[in-house]
file work_38.cif (mmCIF, C-alpha atoms)
data_upload
loop_
_atom_site.group_PDB
_atom_site.id
_atom_site.type_symbol
_atom_site.label_atom_id
_atom_site.label_comp_id
_atom_site.auth_asym_id
_atom_site.auth_seq_id
_atom_site.Cartn_x
_atom_site.Cartn_y
_atom_site.Cartn_z
ATOM 1 C CA ARG A 212 27.691 17.221 1.726
ATOM 2 C CA GLN A 213 24.038 18.180 2.068
ATOM 3 C CA LEU A 214 23.431 15.462 4.660
ATOM 4 C CA ASP A 215 26.636 16.235 6.529
ATOM 5 C CA ALA A 216 25.619 19.899 6.722
ATOM 6 C CA ARG A 217 22.271 18.862 8.219
ATOM 7 C CA GLY A 218 23.793 16.591 10.832
ATOM 8 C CA GLY A 219 22.852 13.403 8.990
ATOM 9 C CA PHE A 220 19.152 14.319 8.933
ATOM 10 C CA GLN A 221 16.828 14.028 5.903
ATOM 11 C CA GLU A 222 13.181 15.055 5.594
ATOM 12 C CA ILE A 223 11.195 13.268 2.864
ATOM 13 C CA MET A 224 7.782 14.397 1.663
ATOM 14 C CA LEU A 225 5.206 11.878 0.474
ATOM 15 C CA GLY A 226 2.410 12.954 -1.884
ATOM 16 C CA TYR A 227 -0.947 11.213 -1.732
ATOM 17 C CA SER A 228 -3.521 12.834 -4.034
ATOM 18 C CA ASP A 229 -2.015 12.317 -7.469
ATOM 19 C CA SER A 230 -1.061 8.698 -6.802
ATOM 20 C CA ASN A 231 -4.745 7.954 -6.109
ATOM 21 C CA LYS A 232 -5.914 9.879 -9.177
ATOM 22 C CA ASP A 233 -3.482 7.993 -11.429
ATOM 23 C CA GLY A 234 -3.570 4.489 -9.959
ATOM 24 C CA GLY A 235 -6.731 4.222 -7.909
ATOM 25 C CA TYR A 236 -7.382 3.816 -4.197
ATOM 26 C CA TRP A 237 -5.723 0.495 -3.379
ATOM 27 C CA MET A 238 -2.642 0.896 -5.551
ATOM 28 C CA ALA A 239 -2.004 4.375 -4.142
ATOM 29 C CA ASN A 240 -2.143 3.107 -0.568
ATOM 30 C CA TRP A 241 0.034 0.084 -1.302
ATOM 31 C CA ALA A 242 2.639 2.019 -3.305
ATOM 32 C CA LEU A 243 2.956 4.584 -0.525
ATOM 33 C CA HIS A 244 3.291 1.839 2.089
ATOM 34 C CA ARG A 245 6.088 0.198 0.116
ATOM 35 C CA ALA A 246 7.767 3.570 -0.401
ATOM 36 C CA GLN A 247 7.773 4.301 3.337
ATOM 37 C CA HIS A 248 9.266 0.890 4.026
ATOM 38 C CA ALA A 249 12.009 1.375 1.432
ATOM 39 C CA LEU A 250 12.817 4.920 2.565
ATOM 40 C CA GLY A 251 13.029 3.908 6.202
ATOM 41 C CA ALA A 252 15.202 0.922 5.361
ATOM 42 C CA VAL A 253 17.706 2.847 3.240
ATOM 43 C CA CYS A 254 18.029 5.643 5.820
ATOM 44 C CA ARG A 255 18.677 3.135 8.597
ATOM 45 C CA GLU A 256 21.166 1.243 6.416
ATOM 46 C CA HIS A 257 23.247 4.413 6.017
ATOM 47 C CA GLY A 258 22.848 5.590 9.612
ATOM 48 C CA LEU A 259 20.703 8.620 8.745
ATOM 49 C CA ASP A 260 18.030 10.193 10.905
ATOM 50 C CA PHE A 261 14.896 11.010 8.923
ATOM 51 C CA ARG A 262 11.403 12.400 9.123
ATOM 52 C CA LEU A 263 8.580 11.494 6.732
ATOM 53 C CA PHE A 264 6.401 14.470 5.790
ATOM 54 C CA HIS A 265 2.937 13.185 4.864
ATOM 55 C CA GLY A 266 1.200 15.437 2.339
ATOM 56 C CA ARG A 267 -2.228 14.023 3.124
ATOM 57 C CA GLY A 268 -5.437 15.645 1.920
ATOM 58 C CA GLY A 269 -8.685 15.870 3.827
ATOM 59 C CA THR A 270 -10.650 13.112 2.105
ATOM 60 C CA VAL A 271 -9.783 9.422 1.937
ATOM 61 C CA GLY A 272 -9.387 9.781 -1.834
ATOM 62 C CA ARG A 273 -6.567 12.253 -1.182
ATOM 63 C CA GLY A 274 -4.846 10.268 1.568
ATOM 64 C CA GLY A 275 -7.080 11.406 4.427
ATOM 65 C CA GLY A 276 -8.888 9.415 7.067
ATOM 66 C CA ARG A 277 -8.171 9.079 10.767
ATOM 67 C CA ALA A 278 -4.593 10.217 11.341
ATOM 68 C CA SER A 279 -4.070 7.967 14.367
ATOM 69 C CA LEU A 280 -4.947 4.865 12.326
ATOM 70 C CA ALA A 281 -2.649 5.997 9.512
ATOM 71 C CA ILE A 282 0.239 6.292 11.975
ATOM 72 C CA ALA A 283 -0.391 2.807 13.343
ATOM 73 C CA ALA A 284 -0.533 1.478 9.761
ATOM 74 C CA MET A 285 2.933 2.772 8.793
ATOM 75 C CA PRO A 286 5.505 0.042 8.119
ATOM 76 C CA ARG A 287 7.925 -0.826 10.888
ATOM 77 C CA ALA A 288 10.966 0.604 9.086
ATOM 78 C CA ALA A 289 9.320 4.042 8.902
ATOM 79 C CA HIS A 290 8.698 4.370 12.656
ATOM 80 C CA ASN A 291 11.315 6.413 14.468
ATOM 81 C CA GLY A 292 9.219 8.738 16.624
ATOM 82 C CA ARG A 293 9.213 11.572 14.070
ATOM 83 C CA LEU A 294 6.239 12.786 12.063
ATOM 84 C CA ARG A 295 5.197 15.780 9.996
ATOM 85 C CA VAL A 296 1.796 16.171 8.351
ATOM 86 C CA THR A 297 -0.052 18.776 6.315
ATOM 87 C CA GLU A 298 -3.322 20.176 7.634
ATOM 88 C CA GLN A 299 -5.266 22.098 5.013
ATOM 89 C CA GLY A 300 -8.633 23.344 3.861
ATOM 90 C CA GLU A 301 -11.735 22.377 5.771
ATOM 91 C CA VAL A 302 -9.716 19.875 7.831
ATOM 92 C CA ILE A 303 -8.255 22.796 9.812
ATOM 93 C CA SER A 304 -11.667 23.846 11.085
ATOM 94 C CA PHE A 305 -12.744 20.232 11.655
ATOM 95 C CA ARG A 306 -9.696 19.411 13.775
ATOM 96 C CA TYR A 307 -8.726 22.756 15.312
ATOM 97 C CA GLY A 308 -11.844 24.945 15.151
ATOM 98 C CA LEU A 309 -12.375 24.660 18.909
ATOM 99 C CA PRO A 310 -9.618 24.461 21.537
ATOM 100 C CA GLU A 311 -11.047 21.201 22.880
ATOM 101 C CA LEU A 312 -11.009 19.622 19.419
ATOM 102 C CA GLY A 313 -7.466 20.768 18.740
ATOM 103 C CA HIS A 314 -6.290 19.384 22.081
ATOM 104 C CA ARG A 315 -7.999 16.042 21.511
ATOM 105 C CA HIS A 316 -6.680 15.658 17.949
ATOM 106 C CA THR A 317 -3.114 16.515 18.982
ATOM 107 C CA GLU A 318 -3.409 14.101 21.892
ATOM 108 C CA GLN A 319 -4.509 11.346 19.493
ATOM 109 C CA LEU A 320 -1.503 12.000 17.227
ATOM 110 C CA VAL A 321 0.954 11.912 20.125
ATOM 111 C CA SER A 322 -0.680 8.789 21.575
ATOM 112 C CA ALA A 323 -0.539 6.993 18.227
ATOM 113 C CA MET A 324 3.134 7.918 17.745
ATOM 114 C CA LEU A 325 4.105 6.765 21.242
ATOM 115 C CA LEU A 326 2.242 3.472 20.945
ATOM 116 C CA ALA A 327 3.512 2.703 17.436
ATOM 117 C CA THR A 328 7.120 3.582 18.280
ATOM 118 C CA ALA A 329 7.036 1.480 21.456
ATOM 119 C CA LEU A 330 5.428 -1.439 19.635
ATOM 120 C CA HIS A 331 8.120 -1.536 16.968
ATOM 121 C CA ALA A 332 10.894 -0.969 19.498
ATOM 122 C CA ASP A 333 9.791 -4.212 21.160
ATOM 123 C CA GLY A 334 10.250 -5.970 17.843
ATOM 124 C CA GLU A 335 6.663 -7.166 17.601
ATOM 125 C CA SER A 336 5.641 -8.346 14.163
ATOM 126 C CA GLN A 337 3.342 -6.212 12.060
ATOM 127 C CA HIS A 338 2.481 -9.234 9.877
ATOM 128 C CA GLU A 339 4.451 -7.885 6.971
ATOM 129 C CA GLY A 340 5.764 -11.190 5.754
ATOM 130 C CA GLU A 341 6.514 -11.991 2.135
ATOM 131 C CA ALA A 342 3.186 -13.792 1.651
ATOM 132 C CA ALA A 343 1.167 -10.818 2.909
ATOM 133 C CA TRP A 344 3.116 -8.410 0.695
ATOM 134 C CA SER A 345 2.589 -10.640 -2.329
ATOM 135 C CA LEU A 346 -1.125 -10.807 -1.602
ATOM 136 C CA MET A 347 -1.403 -7.014 -1.271
ATOM 137 C CA GLY A 348 0.503 -6.577 -4.516
ATOM 138 C CA ASP A 349 -1.960 -8.833 -6.336
ATOM 139 C CA VAL A 350 -4.920 -6.920 -4.889
ATOM 140 C CA ALA A 351 -3.335 -3.610 -5.908
ATOM 141 C CA GLU A 352 -2.631 -4.731 -9.489
ATOM 142 C CA ALA A 353 -6.185 -6.036 -10.046
ATOM 143 C CA SER A 354 -7.639 -2.952 -8.395
ATOM 144 C CA MET A 355 -5.640 -0.546 -10.552
ATOM 145 C CA HIS A 356 -6.573 -2.495 -13.683
ATOM 146 C CA ALA A 357 -10.275 -2.052 -12.891
ATOM 147 C CA TYR A 358 -9.779 1.644 -12.119
ATOM 148 C CA ARG A 359 -7.850 2.368 -15.317
ATOM 149 C CA GLU A 360 -10.414 0.421 -17.330
ATOM 150 C CA LEU A 361 -13.030 2.861 -16.060
ATOM 151 C CA ILE A 362 -11.206 6.146 -16.570
ATOM 152 C CA ASP A 363 -9.548 5.128 -19.852
ATOM 153 C CA ALA A 364 -12.775 3.786 -21.386
ATOM 154 C CA PRO A 365 -13.942 5.512 -24.593
ATOM 155 C CA GLY A 366 -16.508 8.147 -23.734
ATOM 156 C CA PHE A 367 -15.702 8.250 -20.025
ATOM 157 C CA TRP A 368 -14.275 11.771 -19.938
ATOM 158 C CA GLN A 369 -17.290 13.244 -21.738
ATOM 159 C CA TRP A 370 -19.582 11.394 -19.346
ATOM 160 C CA TYR A 371 -17.626 12.716 -16.350
ATOM 161 C CA ILE A 372 -17.809 16.295 -17.650
ATOM 162 C CA GLU A 373 -21.584 16.075 -18.134
ATOM 163 C CA ALA A 374 -22.459 14.067 -15.007
ATOM 164 C CA THR A 375 -20.348 16.058 -12.513
ATOM 165 C CA PRO A 376 -19.815 19.796 -11.919
ATOM 166 C CA ILE A 377 -16.123 19.494 -12.812
ATOM 167 C CA GLN A 378 -16.266 22.377 -15.299
ATOM 168 C CA GLN A 379 -17.622 24.673 -12.588
ATOM 169 C CA ILE A 380 -15.279 23.379 -9.874
ATOM 170 C CA SER A 381 -12.272 23.753 -12.180
ATOM 171 C CA ARG A 382 -12.981 27.501 -12.307
ATOM 172 C CA LEU A 383 -13.114 28.002 -8.535
ATOM 173 C CA PRO A 384 -10.179 29.750 -6.796
ATOM 174 C CA ILE A 385 -9.526 26.860 -4.421
ATOM 175 C CA ALA A 386 -6.351 25.035 -3.412
ATOM 176 C CA SER A 387 -2.826 26.340 -3.197
ATOM 177 C CA ARG A 388 -2.211 25.839 -6.918
ATOM 178 C CA PRO A 389 -4.328 26.177 -10.070
ATOM 179 C CA VAL A 390 -6.844 23.307 -10.121
ATOM 180 C CA SER A 391 -5.815 22.469 -13.668
ATOM 181 C CA ARG A 392 -2.556 22.786 -15.529
ATOM 182 C CA LYS A 393 -4.588 24.204 -18.432
ATOM 183 C CA ASN A 394 -7.359 26.792 -18.460
ATOM 184 C CA ALA A 395 -10.884 25.674 -17.558
ATOM 185 C CA ALA A 396 -12.065 25.443 -21.170
ATOM 186 C CA GLU A 397 -9.382 22.859 -21.937
ATOM 187 C CA VAL A 398 -9.649 20.787 -18.768
ATOM 188 C CA ALA A 399 -8.627 17.140 -19.300
ATOM 189 C CA PHE A 400 -7.906 14.197 -17.008
ATOM 190 C CA ASP A 401 -4.116 14.241 -17.293
ATOM 191 C CA ASP A 402 -3.971 17.983 -16.568
ATOM 192 C CA LEU A 403 -6.578 18.056 -13.795
ATOM 193 C CA ARG A 404 -5.309 18.251 -10.230
ATOM 194 C CA ALA A 405 -6.599 15.902 -7.583
ATOM 195 C CA ILE A 406 -8.690 18.362 -5.539
ATOM 196 C CA PRO A 407 -11.299 19.170 -8.225
ATOM 197 C CA TRP A 408 -11.234 15.520 -9.373
ATOM 198 C CA VAL A 409 -12.221 14.360 -5.887
ATOM 199 C CA PHE A 410 -14.615 17.242 -5.186
ATOM 200 C CA ALA A 411 -16.631 16.547 -8.346
ATOM 201 C CA TRP A 412 -17.018 12.856 -7.463
ATOM 202 C CA THR A 413 -18.066 13.848 -3.942
ATOM 203 C CA GLN A 414 -20.693 16.296 -5.196
ATOM 204 C CA THR A 415 -22.374 13.532 -7.198
ATOM 205 C CA ARG A 416 -22.166 11.158 -4.178
ATOM 206 C CA TYR A 417 -20.293 8.477 -6.158
ATOM 207 C CA ILE A 418 -17.119 9.214 -4.115
ATOM 208 C CA VAL A 419 -15.203 7.011 -6.581
ATOM 209 C CA PRO A 420 -11.658 8.002 -5.413
ATOM 210 C CA GLY A 421 -12.314 6.630 -1.932
ATOM 211 C CA TRP A 422 -13.165 3.039 -2.851
ATOM 212 C CA PHE A 423 -13.319 2.200 -6.577
ATOM 213 C CA GLY A 424 -11.294 -0.892 -7.491
ATOM 214 C CA VAL A 425 -11.570 -2.460 -4.036
ATOM 215 C CA GLY A 426 -14.168 -4.958 -5.258
ATOM 216 C CA SER A 427 -12.186 -6.115 -8.280
ATOM 217 C CA GLY A 428 -8.925 -6.197 -6.337
ATOM 218 C CA LEU A 429 -10.214 -8.291 -3.456
ATOM 219 C CA ALA A 430 -12.307 -10.537 -5.711
ATOM 220 C CA ALA A 431 -9.180 -11.406 -7.694
ATOM 221 C CA VAL A 432 -7.587 -13.043 -4.647
ATOM 222 C CA LEU A 433 -10.709 -14.247 -2.830
ATOM 223 C CA ARG A 434 -11.142 -16.907 -5.518
ATOM 224 C CA ARG A 435 -8.019 -18.657 -4.217
ATOM 225 C CA GLU A 436 -8.259 -21.464 -1.714
ATOM 226 C CA GLY A 437 -7.757 -20.219 1.841
ATOM 227 C CA ALA A 438 -7.604 -16.563 0.780
ATOM 228 C CA LEU A 439 -10.694 -15.497 2.727
ATOM 229 C CA GLU A 440 -9.315 -16.853 5.999
ATOM 230 C CA GLU A 441 -5.949 -15.203 5.359
ATOM 231 C CA LEU A 442 -7.537 -11.822 4.577
ATOM 232 C CA GLN A 443 -9.714 -12.098 7.684
ATOM 233 C CA ARG A 444 -6.582 -12.737 9.746
ATOM 234 C CA LEU A 445 -4.745 -9.823 8.184
ATOM 235 C CA TYR A 446 -7.742 -7.573 8.820
ATOM 236 C CA ARG A 447 -7.599 -8.445 12.519
ATOM 237 C CA GLU A 448 -3.821 -8.343 12.918
ATOM 238 C CA TRP A 449 -2.239 -6.012 10.332
ATOM 239 C CA PRO A 450 -2.999 -2.307 10.967
ATOM 240 C CA PHE A 451 -2.241 -1.346 7.354
ATOM 241 C CA PHE A 452 -4.751 -3.760 5.844
ATOM 242 C CA GLY A 453 -7.360 -2.900 8.468
ATOM 243 C CA ALA A 454 -6.991 0.833 7.797
ATOM 244 C CA VAL A 455 -7.310 0.455 4.016
ATOM 245 C CA VAL A 456 -10.430 -1.716 4.334
ATOM 246 C CA ASN A 457 -12.045 0.478 6.993
ATOM 247 C CA ASN A 458 -11.388 3.722 5.133
ATOM 248 C CA ALA A 459 -12.944 2.285 1.975
ATOM 249 C CA ALA A 460 -15.942 1.053 3.965
ATOM 250 C CA ARG A 461 -16.466 4.508 5.420
ATOM 251 C CA GLU A 462 -16.359 6.168 2.012
ATOM 252 C CA MET A 463 -18.798 3.607 0.634
ATOM 253 C CA ALA A 464 -21.142 4.243 3.550
ATOM 254 C CA ARG A 465 -21.038 7.944 2.627
ATOM 255 C CA ALA A 466 -21.823 7.242 -1.021
ATOM 256 C CA ARG A 467 -25.430 7.512 -2.248
ATOM 257 C CA LEU A 468 -25.822 5.795 -5.591
ATOM 258 C CA GLU A 469 -29.509 6.671 -5.848
ATOM 259 C CA ILE A 470 -28.533 10.362 -5.794
ATOM 260 C CA ALA A 471 -25.595 9.731 -8.128
ATOM 261 C CA ARG A 472 -27.946 8.251 -10.721
ATOM 262 C CA ARG A 473 -29.807 11.545 -10.886
ATOM 263 C CA TYR A 474 -26.558 13.210 -11.899
ATOM 264 C CA ALA A 475 -25.849 10.441 -14.410
ATOM 265 C CA ALA A 476 -29.315 11.008 -15.898
ATOM 266 C CA LEU A 477 -28.162 14.477 -16.987
ATOM 267 C CA VAL A 478 -25.839 12.891 -19.562
ATOM 268 C CA GLN A 479 -27.252 12.668 -23.089
ATOM 269 C CA ASP A 480 -25.182 9.642 -24.125
ATOM 270 C CA ALA A 481 -25.002 7.933 -20.745
ATOM 271 C CA GLY A 482 -23.067 4.820 -21.749
ATOM 272 C CA PRO A 483 -22.315 2.043 -19.243
ATOM 273 C CA PHE A 484 -20.571 4.119 -16.589
ATOM 274 C CA ASP A 485 -23.208 4.281 -13.869
ATOM 275 C CA GLU A 486 -23.755 0.541 -14.215
ATOM 276 C CA ARG A 487 -20.002 -0.115 -14.075
ATOM 277 C CA ILE A 488 -19.569 1.983 -10.939
ATOM 278 C CA SER A 489 -22.609 0.361 -9.290
ATOM 279 C CA ALA A 490 -21.325 -3.139 -10.084
ATOM 280 C CA GLU A 491 -17.919 -2.326 -8.595
ATOM 281 C CA PHE A 492 -19.639 -0.910 -5.513
ATOM 282 C CA ALA A 493 -21.619 -4.130 -5.037
ATOM 283 C CA ALA A 494 -18.461 -6.236 -5.458
ATOM 284 C CA ALA A 495 -16.534 -4.075 -2.960
ATOM 285 C CA ARG A 496 -19.343 -4.198 -0.419
ATOM 286 C CA ASP A 497 -19.606 -7.985 -0.706
ATOM 287 C CA ALA A 498 -15.841 -8.480 -0.325
ATOM 288 C CA ILE A 499 -15.552 -6.128 2.666
ATOM 289 C CA LEU A 500 -18.480 -7.740 4.485
ATOM 290 C CA ARG A 501 -16.971 -11.197 3.933
ATOM 291 C CA ILE A 502 -13.589 -10.096 5.263
ATOM 292 C CA THR A 503 -14.963 -8.185 8.251
ATOM 293 C CA GLY A 504 -17.620 -10.821 9.003
ATOM 294 C CA SER A 505 -20.278 -8.107 9.239
ATOM 295 C CA ASP A 506 -23.816 -7.765 7.918
ATOM 296 C CA GLU A 507 -23.449 -4.094 7.032
ATOM 297 C CA LEU A 508 -20.752 -1.465 6.533
ATOM 298 C CA LEU A 509 -19.361 0.300 9.626
ATOM 299 C CA VAL A 510 -21.000 -2.111 12.037
ATOM 300 C CA ASP A 511 -18.126 -1.462 14.466
ATOM 301 C CA SER A 512 -18.610 2.331 14.234
ATOM 302 C CA PRO A 513 -22.253 2.921 15.165
ATOM 303 C CA VAL A 514 -21.838 6.664 15.795
ATOM 304 C CA ILE A 515 -20.276 7.293 12.383
ATOM 305 C CA ARG A 516 -22.772 4.933 10.708
#
call {"tool": "encode", "arguments": {"input": "work_38.cif", "output": "structure tokens"}}
result
Amino acid sequence: RQLDARGGFQEIMLGYSDSNKDGGYWMANWALHRAQHALGAVCREHGLDFRLFHGRGGTVGRGGGRASLAIAAMPRAAHNGRLRVTEQGEVISFRYGLPELGHRHTEQLVSAMLLATALHADGESQHEGEAAWSLMGDVAEASMHAYRELIDAPGFWQWYIEATPIQQISRLPIASRPVSRKNAAEVAFDDLRAIPWVFAWTQTRYIVPGWFGVGSGLAAVLRREGALEELQRLYREWPFFGAVVNNAAREMARARLEIARRYAALVQDAGPFDERISAEFAAARDAILRITGSDELLVDSPVIR
């Protein structure tokens, strides 16, 4: 009755931040990609018109990144010429602070929607075959395992509290909701919202939510015969895979581990966490450079680099 009353139209909102906080960067991106595919497929099966509402944050760790690339990376079943996105926080000033910027950003969104819709209307393949999906699933599982091993490790939460300004950030009146589901004195991982979680990692320059787990995830499949060539092909031909790799590379290029170590040095019982993050960074950098065939991160984006 609800759908009949709305003329067979359904809007569906997708959340990005908490899926990254709970499952890590790669698993969040892959789960959301699969969800968009499934939602588009079931709506089409029942003859419903639909619009996906993307609740993306500003940073890559909260679903951000270049909006035009994200549109191109959507699965074929989700493309129907409709789009709704959130614009919030500092992103509003970045994208709309000047009339020229606002015009250019809106033009990029429209261009990306037109191109993507036309591409899929022509029936061109987006390289989403069963083998590619299986490969991405394996990367996501290994990536999430590495991420959960970090945040569930004994002593991690105390290290995070002492190495980052999370206790201060959790008291700031930012975001549309309380930054924690508990008061600041009782802040804990499960109750912490994604904005302060990401902001604290950014302040220390680790920027963990934007890349951690990529090294372990890709390494898990790169050991297989022929996997490197297949991932290189997917990077060139599959917009989703290219966007996930490029967004991680950009966040890693923004990271500064030498500064992060100064924050880690504030912790009395430091434990292995800086070393674990640094090792994952090195593994991610190596895997991305092998797949992209580059000598350094962001070699194709000299201005941003």
call {"tool": "atom_distance", "arguments": {"input": "work_38.cif", "atom1": "CA of Arg472 (chain A)", "atom2": "CA of Met355 (chain A)"}}
result
24.0 Å
call {"tool": "resolve_selection", "arguments": {"input": "work_38.cif", "expression": "the PyMOL selection byres ((chain A and resi 508) around 9)", "output": "ChimeraX atom specification"}}
result
/A:457,460-461,463-464,496,499-500,505-507,509-512,516
call {"tool": "closest_residue", "arguments": {"input": "work_38.cif", "among": "A:Met285, A:Phe367, A:Ala323, A:Leu280", "to": "Gln247 (chain A)", "atoms": "all atoms listed in the file"}}
result
A:Met285
call {"tool": "resolve_selection", "arguments": {"input": "work_38.cif", "expression": "the PyMOL selection byres ((chain A and resi 489) around 10)", "output": "PyMOL selection string"}}
result
chain A and resi 417+423+468-469+471-472+484-488+490-495
call {"tool": "write_last_selection", "arguments": {"input": "work_38.cif", "atoms": "C-alpha atoms", "output": "CSV table (one decimal), keeping the file's coordinate frame"}}
result
chain,number,residue,atom,x,y,z
A,417,TYR,CA,-20.3,8.5,-6.2
A,423,PHE,CA,-13.3,2.2,-6.6
A,468,LEU,CA,-25.8,5.8,-5.6
A,469,GLU,CA,-29.5,6.7,-5.8
A,471,ALA,CA,-25.6,9.7,-8.1
A,472,ARG,CA,-27.9,8.3,-10.7
A,484,PHE,CA,-20.6,4.1,-16.6
A,485,ASP,CA,-23.2,4.3,-13.9
A,486,GLU,CA,-23.8,0.5,-14.2
A,487,ARG,CA,-20.0,-0.1,-14.1
A,488,ILE,CA,-19.6,2.0,-10.9
A,490,ALA,CA,-21.3,-3.1,-10.1
A,491,GLU,CA,-17.9,-2.3,-8.6
A,492,PHE,CA,-19.6,-0.9,-5.5
A,493,ALA,CA,-21.6,-4.1,-5.0
A,494,ALA,CA,-18.5,-6.2,-5.5
A,495,ALA,CA,-16.5,-4.1,-3.0
call {"tool": "residues_near_point", "arguments": {"input": "work_38.cif", "point": "(-9.3, 12.2, 2.6)", "cutoff": "10 Å", "atoms": "only C-alpha atoms", "output": "PyMOL selection string"}}
result
chain A and resi 227-228+267-277+302+409+420-421+458+462
